[in-house]
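Okay, work.txt now, which holds compact mmCIF, C-alpha atoms:
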# COMPACT_ATOMS: atom_id res chain seq x y z
CA MET A 499 -21.39 4.47 4.92
CA GLN A 500 -20.01 1.04 4.04
CA ILE A 501 -17.46 0.66 1.29
CA HIS A 502 -15.11 -2.15 0.32
CA ILE A 503 -11.83 -1.90 -1.46
CA SER A 504 -9.41 -4.41 -2.89
CA ALA A 505 -5.70 -3.91 -3.45
CA SER A 506 -5.42 -6.79 -5.87
CA ASP A 507 -7.13 -5.48 -8.99
CA GLY A 508 -4.75 -2.69 -9.97
CA ILE A 509 -7.22 0.20 -9.69
CA PRO A 510 -5.69 2.82 -7.38
CA ILE A 511 -7.39 2.69 -3.98
CA TYR A 512 -8.35 6.39 -3.98
CA LEU A 513 -10.23 5.82 -7.25
CA GLN A 514 -12.02 2.82 -5.73
CA ILE A 515 -13.12 4.96 -2.78
CA MET A 516 -14.28 7.76 -5.11
CA GLY A 517 -16.20 5.32 -7.29
CA GLN A 518 -17.97 3.73 -4.34
CA VAL A 519 -18.92 7.05 -2.74
CA LYS A 520 -20.42 8.15 -6.07
CA ARG A 521 -22.27 4.86 -6.28
CA LEU A 522 -23.67 5.25 -2.77
CA ILE A 523 -24.89 8.74 -3.69
CA THR A 524 -26.45 7.59 -6.96
CA SER A 525 -28.23 4.71 -5.27
CA GLY A 526 -29.59 7.03 -2.57
CA ARG A 527 -27.71 5.37 0.31
CA LEU A 528 -25.90 8.69 0.82
CA GLY A 529 -28.05 11.78 0.46
CA PRO A 530 -27.31 15.49 -0.02
CA GLY A 531 -26.01 17.01 3.21
CA ASP A 532 -25.07 13.63 4.78
CA GLU A 533 -21.84 13.71 6.74
CA MET A 534 -18.93 11.61 5.46
CA PRO A 535 -16.85 9.65 8.00
CA PRO A 536 -13.71 11.46 9.18
CA ILE A 537 -10.60 10.62 7.13
CA ARG A 538 -8.86 8.88 10.00
CA ALA A 539 -11.89 6.77 10.91
CA LEU A 540 -12.40 5.60 7.33
CA ALA A 541 -8.67 4.87 6.97
CA GLU A 542 -8.74 2.64 10.04
CA GLN A 543 -11.95 0.95 8.93
CA LEU A 544 -10.60 0.14 5.47
CA THR A 545 -7.01 -0.35 6.72
CA VAL A 546 -5.66 2.00 4.10
CA ASN A 547 -3.26 4.92 4.35
CA PRO A 548 -5.02 8.08 5.64
CA ASN A 549 -3.40 10.08 2.82
CA THR A 550 -5.21 7.83 0.33
CA VAL A 551 -8.57 8.63 1.93
CA ALA A 552 -7.63 12.33 2.07
CA ARG A 553 -6.82 12.23 -1.63
CA ALA A 554 -10.15 10.57 -2.49
CA TYR A 555 -12.00 13.23 -0.45
CA LEU A 556 -10.02 16.02 -2.11
CA GLU A 557 -10.77 14.72 -5.62
CA LEU A 558 -14.45 14.26 -4.70
CA GLU A 559 -14.47 17.84 -3.46
CA ARG A 560 -12.87 19.07 -6.69
CA ALA A 561 -15.48 17.17 -8.67
CA GLY A 562 -18.22 18.87 -6.62
CA VAL A 563 -19.48 15.60 -5.14
CA VAL A 564 -18.73 16.56 -1.53
CA THR A 565 -18.08 19.84 0.25
CA LYS A 566 -15.83 20.56 3.16
CA ARG A 567 -17.10 22.79 5.95
CA GLN A 568 -14.37 24.58 7.82
CA GLY A 569 -13.51 22.59 10.91
CA ALA A 570 -16.72 20.59 10.72
CA GLY A 571 -16.06 17.66 8.43
CA THR A 572 -17.02 16.66 4.92
CA TYR A 573 -20.58 16.47 3.61
CA VAL A 574 -22.27 15.19 0.49
CA ALA A 575 -22.89 18.20 -1.78
CA GLU A 576 -26.39 19.62 -2.08
CA LYS A 577 -26.12 20.16 -5.82
CA PRO A 578 -25.22 17.61 -8.49
CA SER A 579 -21.63 17.68 -9.72
CA PRO A 580 -20.90 20.47 -12.18
CA LEU A 581 -19.06 18.34 -14.77
CA SER A 582 -19.27 19.52 -18.36
CA ARG A 583 -21.63 17.58 -20.62
CA LYS A 584 -18.69 16.44 -22.72
CA GLU A 585 -16.91 15.10 -19.65
CA LYS A 586 -20.07 13.34 -18.46
CA LEU A 587 -20.49 11.66 -21.83
CA ARG A 588 -16.84 10.59 -21.84
CA VAL A 589 -17.18 8.93 -18.44
CA LEU A 590 -20.43 7.19 -19.38
CA SER A 591 -19.30 6.05 -22.84
CA GLU A 592 -16.70 3.71 -21.35
CA ARG A 593 -19.33 2.15 -19.11
CA ALA A 594 -21.79 1.88 -21.97
CA ASP A 595 -19.21 0.08 -24.12
CA THR A 596 -18.58 -2.48 -21.37
CA LEU A 597 -22.31 -3.06 -21.00
CA LEU A 598 -22.86 -3.45 -24.76
CA VAL A 599 -19.99 -5.93 -25.07
CA GLU A 600 -21.46 -8.04 -22.26
CA ALA A 601 -24.91 -7.86 -23.80
CA GLU A 602 -23.54 -8.95 -27.18
CA HIS A 603 -21.84 -11.97 -25.59
CA LEU A 604 -25.05 -12.90 -23.81
CA ASP A 605 -27.05 -12.59 -27.03
CA MET A 606 -29.19 -9.80 -25.63
CA GLU A 607 -30.99 -7.46 -27.98
CA LEU A 608 -30.36 -3.71 -27.63
CA GLU A 609 -34.05 -3.23 -26.80
CA ASP A 610 -33.74 -5.66 -23.86
CA VAL A 611 -30.72 -3.76 -22.56
CA ILE A 612 -32.62 -0.46 -22.76
CA ASP A 613 -35.58 -2.01 -20.93
CA LEU A 614 -33.22 -3.28 -18.26
CA LEU A 615 -31.69 0.19 -17.82
CA ARG A 616 -35.21 1.65 -17.35
CA GLU A 617 -36.05 -1.01 -14.81
CA ARG A 618 -32.82 -0.47 -12.81
CA HIS A 619 -33.31 3.28 -12.98
CA GLY A 620 -36.77 2.81 -11.50
CA LEU A 621 -35.24 0.93 -8.54
CA PHE A 622 -32.64 3.67 -7.96
CA SER A 623 -35.23 6.44 -7.89
CA THR A 624 -37.39 4.47 -5.44
CA ALA A 625 -34.40 3.99 -3.12
CA ALA A 626 -33.45 7.67 -3.38
CA LYS A 627 -36.94 8.77 -2.33
CA GLN A 628 -36.90 6.66 0.83
CA MET B 784 29.34 12.42 1.30
CA ASN B 785 26.51 14.87 0.67
CA PHE B 786 22.97 13.62 0.22
CA PRO B 787 21.97 13.89 -3.39
CA SER B 788 18.30 14.28 -2.58
CA PRO B 789 16.95 17.78 -1.96
CA SER B 790 14.33 16.35 0.37
CA SER B 791 16.89 14.63 2.60
CA ALA B 792 16.59 17.46 5.14
CA GLU B 793 13.17 16.14 6.20
CA ALA B 794 14.15 12.51 5.72
CA VAL B 795 13.69 10.39 8.84
CA ILE B 796 15.93 7.74 7.27
CA ALA B 797 18.57 8.72 4.71
CA ILE B 798 20.63 5.93 3.20
CA THR B 799 23.26 6.81 0.64
CA ALA B 800 25.15 4.36 -1.57
CA LEU B 801 25.03 1.61 1.05
CA SER B 802 26.75 -1.65 0.12
CA ARG B 803 27.25 -4.74 2.25
CA ARG B 804 28.87 -8.07 1.56
CA PHE B 805 28.73 -11.27 3.58
CA GLY B 806 31.70 -13.29 2.36
CA SER B 807 31.28 -13.62 -1.39
CA LYS B 808 27.58 -12.74 -1.29
CA THR B 809 26.55 -9.16 -1.95
CA ALA B 810 23.62 -8.50 0.39
CA LEU B 811 23.18 -4.81 -0.48
CA ASP B 812 24.54 -3.17 -3.60
CA ASP B 813 24.72 0.64 -3.78
CA VAL B 814 21.35 1.27 -2.12
CA SER B 815 20.20 4.89 -1.67
CA LEU B 816 16.82 5.75 -0.25
CA TYR B 817 15.11 8.50 1.72
CA VAL B 818 12.12 8.02 3.96
CA PRO B 819 10.12 11.26 4.24
CA GLN B 820 8.73 12.26 7.61
CA GLY B 821 5.09 11.28 8.07
CA SER B 822 5.16 8.59 5.39
CA VAL B 823 4.32 4.91 5.48
CA PHE B 824 7.26 3.44 3.64
CA GLY B 825 6.92 -0.15 2.46
CA LEU B 826 9.99 -2.22 1.66
CA VAL B 827 9.26 -5.03 -0.76
CA GLY B 828 11.40 -7.93 -1.85
CA GLU B 829 11.68 -11.69 -2.06
CA ASN B 830 13.18 -13.67 0.80
CA GLY B 831 16.92 -13.06 0.75
CA ALA B 832 16.61 -9.80 -1.23
CA GLY B 833 18.37 -7.86 1.55
CA LYS B 834 15.41 -6.39 3.46
CA THR B 835 16.49 -7.52 6.92
CA THR B 836 20.12 -6.52 6.26
CA LEU B 837 18.90 -3.03 5.37
CA ILE B 838 16.80 -2.84 8.54
CA LYS B 839 19.76 -3.95 10.66
CA HIS B 840 21.71 -1.00 9.29
CA ILE B 841 18.90 1.37 10.25
CA LEU B 842 18.96 -0.04 13.80
CA GLY B 843 22.76 0.30 13.95
CA LEU B 844 23.20 -3.47 14.38
CA LEU B 845 25.42 -3.47 11.30
CA ARG B 846 28.00 -0.84 10.45
CA ALA B 847 27.93 0.52 6.90
CA GLU B 848 30.86 -1.00 4.98
CA SER B 849 30.51 1.67 2.34
CA GLY B 850 27.98 4.45 2.06
CA THR B 851 26.17 6.17 4.91
CA VAL B 852 23.10 5.55 7.05
CA ARG B 853 21.41 8.39 8.94
CA VAL B 854 18.33 8.08 11.14
CA PHE B 855 16.86 11.34 12.51
CA GLY B 856 20.03 12.86 10.99
CA LEU B 857 22.25 10.72 13.26
CA ASP B 858 24.56 7.76 12.70
CA PRO B 859 22.82 4.81 14.41
CA VAL B 860 26.16 3.08 15.12
CA ALA B 861 27.76 6.17 16.71
CA ASP B 862 24.64 7.40 18.49
CA PRO B 863 22.57 4.32 19.41
CA VAL B 864 20.86 5.82 22.47
CA GLN B 865 19.41 8.78 20.59
CA VAL B 866 18.45 6.72 17.55
CA LEU B 867 16.97 3.67 19.26
CA GLY B 868 15.10 5.88 21.74
CA GLY B 869 13.04 7.22 18.84
CA ILE B 870 12.36 3.86 17.18
CA GLY B 871 9.68 1.31 17.96
CA TYR B 872 10.88 -1.97 16.49
CA LEU B 873 9.13 -5.26 15.86
CA SER B 874 10.91 -8.13 14.16
CA GLU B 875 9.48 -11.12 12.35
CA GLN B 876 10.15 -13.26 15.41
CA PRO B 877 9.79 -10.98 18.42
CA ASP B 878 12.53 -11.95 20.86
CA LEU B 879 10.49 -11.69 24.03
CA PRO B 880 11.66 -13.05 27.40
CA GLY B 881 9.26 -15.97 27.74
CA TRP B 882 9.33 -16.12 31.53
CA MET B 883 7.94 -12.57 31.82
CA ARG B 884 4.29 -11.77 32.18
CA VAL B 885 2.61 -9.22 29.88
CA ASP B 886 2.47 -6.58 32.63
CA GLU B 887 6.12 -7.25 33.50
CA LEU B 888 7.12 -6.83 29.86
CA LEU B 889 5.41 -3.45 29.80
CA ARG B 890 7.10 -2.28 33.02
CA TYR B 891 10.46 -3.59 31.76
CA THR B 892 10.17 -1.91 28.36
CA GLN B 893 8.93 1.31 29.93
CA ALA B 894 12.26 1.69 31.75
CA PHE B 895 14.07 2.21 28.45
CA TYR B 896 11.81 4.96 27.14
CA PRO B 897 11.26 8.30 28.86
CA GLY B 898 8.32 8.93 26.51
CA TRP B 899 6.39 5.80 27.58
CA ASP B 900 2.68 6.53 27.73
CA ARG B 901 1.18 4.31 30.44
CA ALA B 902 -2.44 5.12 29.62
CA TYR B 903 -1.86 4.46 25.92
CA ALA B 904 -0.09 1.16 26.70
CA GLU B 905 -3.03 0.07 28.86
CA LYS B 906 -5.52 1.05 26.16
CA LEU B 907 -3.63 -0.97 23.52
CA ARG B 908 -3.29 -3.94 25.87
CA ALA B 909 -7.04 -4.00 26.37
CA GLU B 910 -7.71 -3.58 22.64
CA PHE B 911 -5.35 -6.43 21.81
CA GLY B 912 -7.06 -8.60 24.41
CA LEU B 913 -3.79 -9.50 26.19
CA ASP B 914 -4.09 -10.84 29.72
CA PRO B 915 -1.65 -8.84 31.90
CA LYS B 916 -0.94 -11.90 34.07
CA ALA B 917 -0.19 -14.27 31.17
CA ARG B 918 3.38 -15.48 30.73
CA LEU B 919 4.75 -14.57 27.31
CA LYS B 920 5.82 -18.15 26.53
CA THR B 921 2.23 -19.34 26.98
CA LEU B 922 0.89 -16.88 24.37
CA SER B 923 0.03 -17.95 20.84
CA LYS B 924 2.20 -16.71 17.97
CA GLY B 925 -0.39 -14.06 17.14
CA GLN B 926 -0.62 -12.87 20.76
CA GLN B 927 3.17 -12.73 20.99
CA ALA B 928 3.21 -10.54 17.90
CA LYS B 929 0.63 -8.28 19.55
CA ALA B 930 2.72 -8.11 22.74
CA GLY B 931 5.76 -7.18 20.63
CA LEU B 932 3.75 -4.57 18.77
CA LEU B 933 2.47 -3.14 22.04
CA ALA B 934 6.00 -2.80 23.40
CA ALA B 935 7.12 -1.19 20.12
CA GLN B 936 4.26 1.30 20.02
CA ALA B 937 3.58 2.42 23.56
CA HIS B 938 6.37 4.96 23.78
CA ARG B 939 4.88 6.73 20.75
CA PRO B 940 8.08 6.39 18.68
CA LYS B 941 8.97 8.90 15.98
CA LEU B 942 9.65 5.92 13.75
CA LEU B 943 7.84 2.59 13.86
CA LEU B 944 10.08 -0.01 12.23
CA LEU B 945 8.54 -3.37 11.39
CA ASP B 946 10.43 -6.25 9.80
CA GLU B 947 7.98 -8.68 8.15
CA PRO B 948 5.49 -7.98 10.95
CA SER B 949 2.63 -10.08 9.59
CA SER B 950 4.63 -13.02 8.33
CA GLY B 951 2.91 -16.27 9.23
CA LEU B 952 0.14 -14.63 11.25
CA ASP B 953 -3.59 -15.06 10.86
CA PRO B 954 -5.66 -12.34 9.16
CA ILE B 955 -7.03 -10.95 12.43
CA VAL B 956 -3.59 -10.27 13.90
CA ARG B 957 -2.43 -8.92 10.52
CA ARG B 958 -5.30 -6.47 10.63
CA ASP B 959 -4.26 -5.33 14.13
CA ILE B 960 -0.76 -4.70 12.79
CA LEU B 961 -2.06 -2.73 9.81
CA GLU B 962 -4.28 -0.69 12.11
CA ALA B 963 -1.27 0.03 14.32
CA ILE B 964 0.56 1.33 11.26
CA ILE B 965 -2.34 3.58 10.31
CA ARG B 966 -2.81 4.82 13.87
CA THR B 967 0.88 5.66 14.08
CA VAL B 968 0.94 7.67 10.89
CA SER B 969 -2.34 9.42 11.71
CA ASP B 970 -0.53 10.68 14.79
CA GLU B 971 0.97 13.89 13.42
CA GLY B 972 4.48 13.61 12.03
CA ARG B 973 5.18 9.98 12.87
CA THR B 974 6.72 7.69 10.31
CA VAL B 975 6.39 3.97 9.60
CA PHE B 976 8.96 1.84 7.77
CA PHE B 977 7.98 -1.77 7.23
CA SER B 978 9.09 -4.68 5.13
CA SER B 979 6.78 -7.33 3.80
CA HIS B 980 6.35 -9.73 0.96
CA LEU B 981 2.57 -9.39 1.24
CA LEU B 982 2.24 -6.87 -1.56
CA GLU B 983 -1.48 -6.35 -1.07
CA GLU B 984 -0.82 -5.10 2.46
CA ILE B 985 1.95 -2.84 1.25
CA GLU B 986 -0.34 -1.44 -1.43
CA ARG B 987 -3.12 -0.74 1.06
CA VAL B 988 -1.18 1.15 3.67
CA SER B 989 1.99 2.56 2.06
CA ASP B 990 2.42 5.88 0.35
CA HIS B 991 6.06 5.23 -0.55
CA ILE B 992 7.69 1.97 -1.53
CA ALA B 993 11.10 0.61 -2.30
CA MET B 994 11.68 -2.69 -4.05
CA LEU B 995 14.84 -4.69 -3.38
CA HIS B 996 15.90 -7.46 -5.69
CA GLU B 997 19.10 -9.41 -5.08
CA GLY B 998 20.50 -6.56 -3.00
CA LYS B 999 19.76 -3.86 -5.58
CA LEU B 1000 17.08 -1.22 -5.36
CA VAL B 1001 14.97 -1.69 -8.49
CA LEU B 1002 12.18 0.76 -7.66
CA CYS B 1003 11.85 3.54 -5.13
CA GLY B 1004 9.38 6.38 -4.82
CA ALA B 1005 5.83 7.48 -4.17
CA LEU B 1006 3.42 4.58 -4.71
CA ASP B 1007 1.03 6.76 -6.75
CA GLU B 1008 3.84 7.72 -9.12
CA ILE B 1009 5.06 4.16 -9.48
CA LYS B 1010 1.55 2.94 -10.22
CA LYS B 1011 0.98 5.75 -12.69
CA GLN B 1012 4.18 4.93 -14.57
CA HIS B 1013 3.36 1.26 -15.06
CA ARG B 1014 0.79 0.04 -17.53
CA ARG B 1015 -0.21 -3.42 -18.63
CA LEU B 1016 -0.90 -3.71 -22.36
CA THR B 1017 -2.22 -6.67 -24.29
CA LEU B 1018 -0.93 -7.00 -27.84
CA ARG B 1019 -2.73 -9.07 -30.44
CA PHE B 1020 -0.71 -10.40 -33.34
CA PRO B 1021 -2.13 -11.37 -36.73
CA ALA B 1022 -0.69 -14.89 -36.32
CA GLY B 1023 0.43 -16.97 -33.35
CA LEU B 1024 4.03 -16.59 -32.12
CA SER B 1025 6.01 -19.49 -30.71
CA THR B 1026 8.51 -17.26 -28.85
CA PRO B 1027 7.81 -14.03 -26.95
CA PRO B 1028 7.96 -10.92 -29.16
CA VAL B 1029 10.83 -8.52 -28.50
CA VAL B 1030 9.19 -5.23 -27.51
CA PRO B 1031 11.61 -2.38 -26.72
CA GLY B 1032 10.71 -0.63 -23.49
CA ALA B 1033 8.82 -3.63 -22.07
CA LEU B 1034 9.76 -4.86 -18.61
CA ASN B 1035 8.50 -8.31 -19.31
CA VAL B 1036 6.42 -10.15 -21.86
CA THR B 1037 4.12 -13.07 -21.05
CA GLY B 1038 1.56 -14.91 -23.09
CA THR B 1039 1.04 -17.50 -25.79
CA GLY B 1040 -0.13 -17.66 -29.39
CA ARG B 1041 -1.62 -14.45 -30.71
CA GLU B 1042 -1.98 -12.48 -27.49
CA TRP B 1043 0.91 -11.28 -25.36
CA VAL B 1044 0.80 -9.10 -22.27
CA ILE B 1045 3.58 -6.60 -21.73
CA MET B 1046 4.35 -4.43 -18.74
CA ARG B 1047 5.83 -1.07 -19.50
CA ASN B 1048 7.40 1.57 -17.32
CA GLY B 1049 7.54 4.91 -19.10
CA ALA B 1050 5.99 6.47 -22.17
CA ARG B 1051 3.15 4.61 -23.87
CA ASN B 1052 4.31 5.85 -27.24
CA ASP B 1053 7.36 3.58 -27.26
CA VAL B 1054 5.15 0.55 -26.99
CA SER B 1055 2.54 1.67 -29.53
CA VAL B 1056 5.28 2.37 -32.07
CA ALA B 1057 6.94 -0.97 -31.35
CA ALA B 1058 3.60 -2.77 -31.56
CA ALA B 1059 2.79 -1.15 -34.88
CA SER B 1060 6.19 -2.13 -36.30
CA LEU B 1061 5.57 -5.75 -35.23
CA GLY B 1062 2.18 -5.67 -36.92
CA ALA B 1063 0.38 -6.05 -33.58
CA GLU B 1064 -2.56 -4.16 -32.19
CA ILE B 1065 -3.00 -2.99 -28.58
CA VAL B 1066 -6.30 -4.60 -27.62
CA GLU B 1067 -6.34 -3.92 -23.90
CA GLU B 1068 -4.69 -1.55 -21.49
CA GLY B 1069 -4.95 -1.53 -17.75
CA ALA B 1070 -3.39 -0.55 -14.44
CA PRO B 1071 -1.32 -3.38 -12.95
CA SER B 1072 -1.38 -4.26 -9.27
CA LEU B 1073 1.76 -3.90 -7.20
CA THR B 1074 2.19 -7.68 -7.38
CA GLU B 1075 2.29 -7.58 -11.17
CA ILE B 1076 4.75 -4.66 -11.12
CA PHE B 1077 6.94 -6.53 -8.67
CA VAL B 1078 6.96 -9.73 -10.70
CA ALA B 1079 7.78 -7.78 -13.88
CA HIS B 1080 10.78 -6.10 -12.23
CA ALA B 1081 12.03 -9.19 -10.42
CA GLY B 1082 11.86 -11.18 -13.67
CA THR B 1083 13.69 -8.54 -15.70
CA GLN B 1084 16.44 -7.98 -13.19
CA ALA B 1085 17.21 -11.65 -12.78
CA GLY B 1086 17.27 -12.16 -16.53
CA ARG B 1087 15.01 -15.16 -16.13
CA GLU B 1088 11.70 -16.12 -17.59
CA PRO B 1089 9.19 -13.97 -15.71
CA SER B 1090 7.07 -16.96 -14.78
CA GLU B 1091 9.90 -18.48 -12.76
CA SER B 1092 10.12 -15.50 -10.46
CA ALA B 1093 6.41 -15.20 -9.84
CA ILE B 1094 5.64 -15.00 -6.16
CA PRO B 1095 2.27 -16.03 -4.81
CA SER B 1096 -0.04 -13.08 -4.33

Could you rewrite the structure in this file as structure tokens?
Amino acid sequence: MQIHISASDGIPIYLQIMGQVKRLITSGRLGPGDEMPPIRALAEQLTVNPNTVARAYLELERAGVVTKRQGAGTYVAEKPSPLSRKEKLRVLSERADTLLVEAEHLDMELEDVIDLLRERHGLFSTAAKQ
Amino acid sequence: MNFPSPSSAEAVIAITALSRRFGSKTALDDVSLYVPQGSVFGLVGENGAGKTTLIKHILGLLRAESGTVRVFGLDPVADPVQVLGGIGYLSEQPDLPGWMRVDELLRYTQAFYPGWDRAYAEKLRAEFGLDPKARLKTLSKGQQAKAGLLAAQAHRPKLLLLDEPSSGLDPIVRRDILEAIIRTVSDEGRTVFFSSHLLEEIERVSDHIAMLHEGKLVLCGALDEIKKQHRRLTLRFPAGLSTPPVVPGALNVTGTGREWVIMRNGARNDVSVAAASLGAEIVEEGAPSLTEIFVAHAGTQAGREPSESAIPS
């Protein structure tokens, strides 16, 4: 598992870790049941405070993204996260707005953006199957 | 004087109302702070803000003129053996005896600390790539810093105290120092206190921070809380302004023309109400980095234009 964080852009580091773990799962680079690196190892690798990594893992666990097995580490959850539909839409709406603003500035038609989403989605599902 | 903080019982360092003057200059002005056990506590401030003076009090090199300093619950001036025995200290310019070899430095330092861990020292020496036969004066600045760090760490101190440890060092040595900090705090119950003006490093590894500005403590607390309390808001005005708008509750205001960025510390409502009364609209809101928070506070406290007090990030 390779993730990169930056302390210069204002986003709390635990949120950056959470975001990247979710991204790795979505893109298929981390699969259900995969073991996450131990907190201490990831903290040393990223040179961040171990409590920050612990917090990211705890929040990921609360969100149902990973599960902790007693005395045996942290694993990517087998089931998708049980967020409510409303919550899912809230999270995605912000991202969609950013995308639409960019598209508008680049003079892209909505249809082109939708096609692009389909194409990218195709790539993700191929990667996840491998 | 009793400690006002309820958590001071577990505090590794407890400083209460500490003031210090050098001639007519006030180096520390009524500083109170508590360093919880097991934390990585980052001390931030410009050059000359009082960081080193504060650290000298913790080491018992300076006696408190007013206020109290307690380390492990003891007075470092009255009980230097107990206090210094539990501290691993690295200064900005490690004062190493240049004629000694690396292995001699380790044997020499070992004599002061009953808890010296020879196997651990050897492991660190190998990791740092230090030649045991090399004379200290022949080492590069980065290698000298590593030798100093090794001597500070190898007795597994309860408190690792670093004064500007990565100042002027290359990124590889800085990373070794950050890793040492993380390794120390991962070791159950150990505490790290370090000062730096490299705010990105502080933000990466600290869970608590204190910010000194001209001898005064302007911020102190858990980093998460401090980051949560600060927001950066961009206001858009219907017409361009030639002077910064006065926004109550804003730490500082920067910008030009129609758009001005304000940093606030506290309730968002104050700013939205103020913005509405000025006829402005909040067009963007974001989380500031520690550097931005620092610049906002340093600018406000000095009563200067914020841009003058900007420090390079």

Do you have the CA of Ala1063 in chain B-CA of Leu1018 in chain B distance handy?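 Computing it gives 6.0 Å between the two atoms.
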
Interface, chain B side, toward chain A (6 Å; all atoms listed in the file) as a ChimeraX atom specification: /B:962,983,987-988,1070-1072

Please write out, as lines of an AutoDock Vina configuration file, where the centre of an axis-aligned box around all listed atoms of range 514-517 of chain A lies and how long its edges are, in Å to one decimal, after adding 3 Å on each side.
center_x = -14.1
center_y = 5.3
center_z = -5.0
size_x = 10.2
size_y = 10.9
size_z = 10.5

Point-to-point distance in Å for CA of Leu842 in chain B and CA of Glu793 in chain B: 18.8 Å

Kindly give the distance, in Å, that separates CA of Leu932 in chain B and CA of His996 in chain B, rounded to a single decimal.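 So the answer is 27.5 Å.
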
Of the residues A:Met606, A:Leu587, A:Ala552, A:Leu513, which is the one nearest to Met534 in chain A, using all atoms listed in the file?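 Using all atoms listed in the file, Met534 in chain A sits closest to A:Ala552.
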
List every protein, DNA or RNA residue that has at least one atom no more than 12 Å from (-33.9, 4.1, -4.7) in the file's coordinates, counting only C-alpha atoms, and write the result as a ChimeraX atom specification. /A:521-529,617-628

Scan for residues within 9 Å of the point (-22.7, 18.0, 4.6) in the coordinates of the file, using all atoms listed in the file, and reply as JSON, numbers by chain. {"A": [530, 531, 532, 533, 534, 564, 565, 566, 567, 570, 571, 572, 573, 574, 575, 576]}

Tell me which protein, DNA and RNA residues are within 9 Å of Gly1040 in chain B, counting only C-alpha atoms, leaving out same-chain ones fewer than 3 positions away, and put them as a CSV table (one decimal) with C-alpha atoms, keeping the file's coordinate frame.
chain,number,residue,atom,x,y,z
B,1020,PHE,CA,-0.7,-10.4,-33.3
B,1022,ALA,CA,-0.7,-14.9,-36.3
B,1023,GLY,CA,0.4,-17.0,-33.4
B,1024,LEU,CA,4.0,-16.6,-32.1
B,1025,SER,CA,6.0,-19.5,-30.7
B,1026,THR,CA,8.5,-17.3,-28.8
B,1043,TRP,CA,0.9,-11.3,-25.4

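Distances from B:Ala861, B:Ala1057, B:Leu845, B:Leu837 to Ala810 in chain B were compared using all atoms listed in the file, and the smallest one belongs to B:Leu837.
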
Name all residues at most 10 Å from Gly912 in chain B (count only C-alpha atoms; drop same-chain ones fewer than 3 positions away) and give them as a count of residues only. 8

When distances are computed from only C-alpha atoms, which of A:Ser591, A:Gln518, A:Gln568, A:Thr596 shows the smallest separation from Met499 in chain A? A:Gln518

Hey, which of B:Pro954, B:Gly1004, B:Gly972, B:Gly1082 ends up closest to Leu942 in chain B? Count only C-alpha atoms. B:Gly972

Counting all atoms listed in the file, the residue of B:Ser949, B:Thr974, B:Asn1048, B:Ser815 that sits nearest Gly869 in chain B: B:Thr974
